[in-house]
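Visitor: Sharing structure_16.csv here; it has CSV, C-alpha atoms.
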chain,number,residue,atom,x,y,z
A,1,MET,CA,4.6,-57.9,66.0
A,2,VAL,CA,7.9,-59.8,66.0
A,3,TYR,CA,9.2,-61.3,62.7
A,4,HIS,CA,9.7,-65.0,62.9
A,5,SER,CA,11.8,-67.3,60.9
A,6,SER,CA,10.3,-68.9,57.8
A,7,PHE,CA,12.3,-72.1,58.4
A,8,THR,CA,9.5,-74.0,60.1
A,9,ASP,CA,9.9,-77.4,58.3
A,10,GLU,CA,12.8,-79.1,60.0
A,11,GLU,CA,12.3,-82.5,58.5
A,12,GLY,CA,15.7,-84.1,57.7
A,13,VAL,CA,17.6,-81.3,59.4
A,14,THR,CA,20.3,-82.2,61.9
A,15,LYS,CA,19.7,-80.9,65.4
A,16,ALA,CA,22.1,-80.0,68.3
A,17,CYS,CA,21.1,-78.5,71.6
A,18,GLY,CA,17.5,-78.4,70.5
A,19,SER,CA,18.3,-76.2,67.5
A,20,PRO,CA,18.3,-77.1,63.8
A,21,LEU,CA,21.6,-76.8,62.0
A,22,LEU,CA,20.1,-74.9,59.1
A,23,PRO,CA,21.9,-74.7,55.7
A,24,LEU,CA,23.8,-71.6,54.9
A,25,LYS,CA,24.9,-69.8,51.7
A,26,SER,CA,28.5,-69.9,52.9
A,27,HIS,CA,32.0,-70.5,51.7
A,28,ILE,CA,33.2,-70.9,55.3
A,29,LYS,CA,34.0,-74.4,56.4
A,30,GLY,CA,31.8,-75.9,59.1
A,31,PRO,CA,29.0,-78.3,59.9
A,32,ALA,CA,26.3,-76.4,58.2
A,33,PRO,CA,25.0,-77.8,55.0
A,34,THR,CA,25.3,-75.6,51.9
A,35,PHE,CA,22.4,-73.7,50.5
A,36,ASP,CA,21.5,-72.3,47.1
A,37,GLN,CA,22.9,-68.8,46.6
A,38,ASP,CA,19.6,-67.4,45.2
A,39,ARG,CA,17.6,-68.5,48.3
A,40,THR,CA,17.2,-66.8,51.6
A,41,ASP,CA,19.0,-68.4,54.6
A,42,ILE,CA,18.7,-67.8,58.3
A,43,VAL,CA,21.6,-65.2,58.2
A,44,ASP,CA,19.7,-63.2,55.6
A,45,GLU,CA,16.6,-63.3,57.7
A,46,ALA,CA,18.4,-62.2,60.8
A,47,ILE,CA,20.0,-59.2,59.1
A,48,THR,CA,16.7,-58.3,57.3
A,49,PHE,CA,14.6,-58.5,60.5
A,50,PHE,CA,17.2,-57.1,62.9
A,51,ARG,CA,16.1,-53.5,62.8
A,52,ALA,CA,12.5,-54.4,63.5
A,53,ASN,CA,13.1,-57.3,66.0
A,54,VAL,CA,15.6,-55.3,68.1
A,55,PHE,CA,12.8,-53.1,69.4
A,56,PHE,CA,10.9,-56.0,71.1
A,57,ARG,CA,11.5,-57.0,74.7
A,58,ASN,CA,9.6,-60.3,74.3
A,59,PHE,CA,10.0,-62.8,71.6
A,60,ASP,CA,7.5,-65.7,71.3
A,61,ILE,CA,9.2,-68.8,69.9
A,62,LYS,CA,7.1,-70.4,67.2
A,63,SER,CA,9.7,-72.9,65.9
A,64,SER,CA,13.2,-73.9,66.9
A,65,ALA,CA,14.6,-71.8,64.0
A,66,ASP,CA,13.3,-68.8,65.9
A,67,LYS,CA,16.0,-69.7,68.6
A,68,LEU,CA,18.7,-69.2,66.0
A,69,LEU,CA,17.1,-66.0,64.8
A,70,ILE,CA,17.1,-64.7,68.5
A,71,TYR,CA,20.8,-65.8,68.8
A,72,LEU,CA,21.8,-64.1,65.6
A,73,THR,CA,19.9,-60.9,66.5
A,74,PHE,CA,21.8,-60.8,69.7
A,75,TYR,CA,25.1,-61.5,67.9
A,76,ILE,CA,24.3,-58.7,65.4
A,77,ASN,CA,23.7,-56.4,68.3
A,78,VAL,CA,27.1,-57.3,69.8
A,79,ALA,CA,28.8,-56.9,66.5
A,80,LEU,CA,27.3,-53.4,65.9
A,81,LYS,CA,28.5,-52.4,69.4
A,82,ARG,CA,32.1,-53.4,68.3
A,83,LEU,CA,31.7,-51.5,65.0
A,84,GLU,CA,30.3,-48.4,66.7
A,85,GLY,CA,33.7,-46.7,67.1
A,86,CYS,CA,35.1,-47.8,63.8
A,87,ARG,CA,35.2,-45.0,61.2
A,88,THR,CA,36.3,-47.0,58.2
A,89,LEU,CA,35.6,-50.4,56.7
A,90,ALA,CA,39.2,-51.5,57.4
A,91,GLU,CA,38.8,-50.7,61.1
A,92,GLY,CA,35.4,-52.4,61.1
A,93,THR,CA,36.8,-55.5,59.5
A,94,LYS,CA,39.6,-55.7,62.1
A,95,ALA,CA,37.0,-55.3,64.9
A,96,ILE,CA,34.8,-58.1,63.4
A,97,ILE,CA,37.8,-60.4,62.9
A,98,ASN,CA,38.7,-59.9,66.6
A,99,LEU,CA,35.1,-60.7,67.6
A,100,GLY,CA,35.3,-63.9,65.5
A,101,LEU,CA,38.5,-65.0,67.2
A,102,GLU,CA,36.8,-65.0,70.6
A,103,THR,CA,35.8,-68.4,72.0
A,104,VAL,CA,32.2,-69.4,71.4
A,105,PRO,CA,30.5,-70.7,74.5
A,106,VAL,CA,27.7,-73.2,74.2
A,107,PRO,CA,24.6,-73.6,76.4
A,108,GLY,CA,25.6,-74.6,79.9
A,109,GLU,CA,29.0,-72.9,79.8
A,110,PRO,CA,29.8,-69.7,81.5
A,111,GLY,CA,29.6,-66.8,79.1
A,112,PHE,CA,26.7,-68.1,77.0
A,113,PRO,CA,24.6,-65.0,76.5
A,114,LEU,CA,21.1,-66.6,76.4
A,115,PRO,CA,20.8,-69.2,79.1
A,116,GLY,CA,17.6,-71.3,78.8
A,117,LEU,CA,17.1,-70.6,75.1
A,118,PHE,CA,18.9,-73.8,73.9
A,119,ALA,CA,19.0,-77.2,75.6
A,120,ILE,CA,22.3,-78.1,77.3
A,121,PRO,CA,24.3,-80.6,75.1
A,122,GLN,CA,24.0,-84.2,76.1
A,123,SER,CA,27.5,-85.1,75.0
A,124,GLN,CA,30.9,-83.5,74.3
A,125,LYS,CA,30.4,-84.4,70.6
A,126,GLU,CA,27.0,-82.5,70.5
A,127,ALA,CA,28.7,-79.6,72.3
A,128,GLU,CA,31.5,-79.4,69.7
A,129,LEU,CA,29.1,-79.8,66.8
A,130,PHE,CA,27.0,-76.9,68.1
A,131,ARG,CA,30.1,-74.8,68.9
A,132,ASN,CA,31.4,-75.2,65.4
A,133,TYR,CA,28.0,-74.4,63.9
A,134,LEU,CA,27.7,-71.2,66.0
A,135,LYS,CA,31.2,-70.2,65.0
A,136,GLN,CA,30.4,-70.8,61.3
A,137,ILE,CA,27.1,-68.9,61.5
A,138,ARG,CA,28.8,-66.0,63.4
A,139,GLU,CA,31.5,-65.7,60.8
A,140,GLU,CA,29.0,-65.7,58.0
A,141,THR,CA,26.8,-63.1,59.7
A,142,SER,CA,29.8,-60.9,60.4
A,143,GLY,CA,30.9,-60.8,56.7
A,144,ARG,CA,27.4,-60.0,55.5
A,145,LEU,CA,26.9,-57.4,58.3
A,146,LEU,CA,29.9,-55.5,57.1
A,147,SER,CA,28.3,-55.0,53.7
A,148,VAL,CA,25.3,-53.3,55.2
A,149,ALA,CA,27.0,-51.5,58.1
A,150,TYR,CA,29.4,-49.7,55.7
A,151,ARG,CA,28.7,-47.9,52.5
A,152,ARG,CA,30.6,-48.5,49.3
A,153,ASN,CA,33.0,-45.6,50.0
A,154,SER,CA,34.0,-47.4,53.3
A,155,THR,CA,32.2,-44.9,55.6
A,156,PRO,CA,29.8,-46.1,58.3
A,157,ASN,CA,26.1,-46.4,57.6
A,158,LYS,CA,24.5,-44.4,60.4
A,159,TRP,CA,21.1,-46.0,59.7
A,160,TRP,CA,22.6,-49.3,60.8
A,161,LEU,CA,25.2,-48.3,63.5
A,162,ALA,CA,22.5,-46.3,65.4
A,163,PHE,CA,21.0,-49.7,66.4
A,164,ALA,CA,24.2,-50.5,68.4
A,165,LYS,CA,22.6,-48.5,71.3
A,166,ARG,CA,19.5,-50.7,71.4
A,167,LYS,CA,19.1,-53.6,73.9
A,168,PHE,CA,17.6,-56.7,72.5
A,169,VAL,CA,15.2,-58.6,74.8
A,170,ASN,CA,16.4,-56.3,77.6
A,171,ILE,CA,20.0,-57.7,77.5
A,172,VAL,CA,22.9,-55.4,77.4
A,173,ALA,CA,25.4,-56.4,74.7
A,174,LEU,CA,29.0,-56.1,75.7
Could you write out this file's structure as structure tokens?

Guide:
Amino acid sequence: MVYHSSFTDEEGVTKACGSPLLPLKSHIKGPAPTFDQDRTDIVDEAITFFRANVFFRNFDIKSSADKLLIYLTFYINVALKRLEGCRTLAEGTKAIINLGLETVPVPGEPGFPLPGLFAIPQSQKEAELFRNYLKQIREETSGRLLSVAYRRNSTPNKWWLAFAKRKFVNIVAL
């Protein structure tokens, strides 16, 4: 059974492209509201559920927060692919920074990895809001992923990097 997001109550949450802009425990500037450091946010859920959810080929969406969970699971898969050849934390950090510098496509643009998952933005303002949110959430996920993909002695954690070979919802990560 697929693990779903616990963020089902979206009352008072801003939306863009049919997705809630959920709060993050982040110090990175962006459109996401801030969240208490002691509570679980969507990035924590994505990292926690990644190793179980990556085995599923189908993902039933029960709330719009599940769309973010799917996007982050795919992004973690891509990030692990980039970390696969990195033997130290320093190399991994460099690879993740380079991944973060890539342009972030939004639904309806070429290069968006999950067409049909999110609604196409109705205006340029909505597209930029969603692009900035995705950029912020990707940067936050990358930072937290490094702390689980590498051990304290800066060596790769094989129990995480082994999942780079998996395809999520039958999509090959580049």

Visitor: Counting only C-alpha atoms, which residues in region 17-84 of chain A sit no more than 9 Å from region 113-137 of chain A? For each one, give the nearest pair of atoms and the distance in Å, sorted by chain then residue number, as JSON lines.

Guide:
{"residue": "A:Cys17", "atom": "CA", "partner": "A:Ala119", "partner_atom": "CA", "distance": 4.7}
{"residue": "A:Gly18", "atom": "CA", "partner": "A:Ala119", "partner_atom": "CA", "distance": 5.4}
{"residue": "A:Ser19", "atom": "CA", "partner": "A:Phe118", "partner_atom": "CA", "distance": 6.9}
{"residue": "A:Leu21", "atom": "CA", "partner": "A:Tyr133", "partner_atom": "CA", "distance": 7.1}
{"residue": "A:Leu24", "atom": "CA", "partner": "A:Ile137", "partner_atom": "CA", "distance": 7.9}
{"residue": "A:Ser26", "atom": "CA", "partner": "A:Gln136", "partner_atom": "CA", "distance": 8.7}
{"residue": "A:Ile28", "atom": "CA", "partner": "A:Gln136", "partner_atom": "CA", "distance": 6.6}
{"residue": "A:Lys29", "atom": "CA", "partner": "A:Gln136", "partner_atom": "CA", "distance": 7.1}
{"residue": "A:Gly30", "atom": "CA", "partner": "A:Gln136", "partner_atom": "CA", "distance": 5.7}
{"residue": "A:Pro31", "atom": "CA", "partner": "A:Tyr133", "partner_atom": "CA", "distance": 5.7}
{"residue": "A:Ala32", "atom": "CA", "partner": "A:Tyr133", "partner_atom": "CA", "distance": 6.3}
{"residue": "A:Val43", "atom": "CA", "partner": "A:Ile137", "partner_atom": "CA", "distance": 7.4}
{"residue": "A:Lys67", "atom": "CA", "partner": "A:Leu117", "partner_atom": "CA", "distance": 6.7}
{"residue": "A:Ile70", "atom": "CA", "partner": "A:Leu117", "partner_atom": "CA", "distance": 8.9}
{"residue": "A:Tyr71", "atom": "CA", "partner": "A:Leu114", "partner_atom": "CA", "distance": 7.6}
{"residue": "A:Leu72", "atom": "CA", "partner": "A:Ile137", "partner_atom": "CA", "distance": 8.2}
{"residue": "A:Phe74", "atom": "CA", "partner": "A:Pro113", "partner_atom": "CA", "distance": 8.5}

Visitor: Scan for residues within 9 Å of the point (8.9, -62.5, 61.5) in the coordinates of the file, using only C-alpha atoms, and reply as a list in words.

Guide: Met1, Val2, Tyr3, His4, Ser5, Ser6, Glu45, Phe49, Asn53 and Asp66 of chain A

Visitor: Measuring atom to atom with all atoms listed in the file, identify which of A:Lys167, A:Arg151, A:His27, A:Arg138 is nearest to Tyr75 (chain A).

Guide: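 Among the listed residues, A:Arg138 lies closest to Tyr75 (chain A).
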
Visitor: Between A:Thr141, A:Ala149, A:Arg87, A:Gly100, single out the one closest to Asp41 (chain A), counting all atoms listed in the file.

Guide: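 Comparing A:Thr141, A:Ala149, A:Arg87, A:Gly100 against Asp41 (chain A), the winner is A:Thr141.
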
Visitor: Show me, as a PyMOL selection string, the residues that have an atom within 8 Å of Ala95 (chain A) when counting only C-alpha atoms, minus same-chain residues fewer than 3 positions from it.

Guide: chain A and resi 82-83+86+91-92+98-99

Visitor: Calculated over all atoms listed in the file, which of the candidates A:Leu68, A:Gly85, A:Arg57, A:Thr34 has the smallest distance to Lys158 (chain A)?

Guide: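 Closest to Lys158 (chain A), using all atoms listed in the file: A:Gly85.
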
Visitor: What box, with edges along x, y and z, holds each listed atom of region 66-83 of chain A when 6 Å is added on every side, and can you state its centre and edge lengths in Å to one decimal, as JSON?

Guide:
{"center_x": 22.7, "center_y": -60.6, "center_z": 67.3, "size_x": 30.8, "size_y": 30.2, "size_z": 17.0}

Visitor: Calculate how many Å separate CA of Phe55 (chain A) from CA of Val104 (chain A), rounding to one decimal.

Guide: 25.4 Å

Visitor: Can you tell me how far CA of Val78 (chain A) sits from CA of Asn58 (chain A), in Å to one decimal?

Guide: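 Calculated distance between CA of Val78 (chain A) and CA of Asn58 (chain A) is 18.3 Å.
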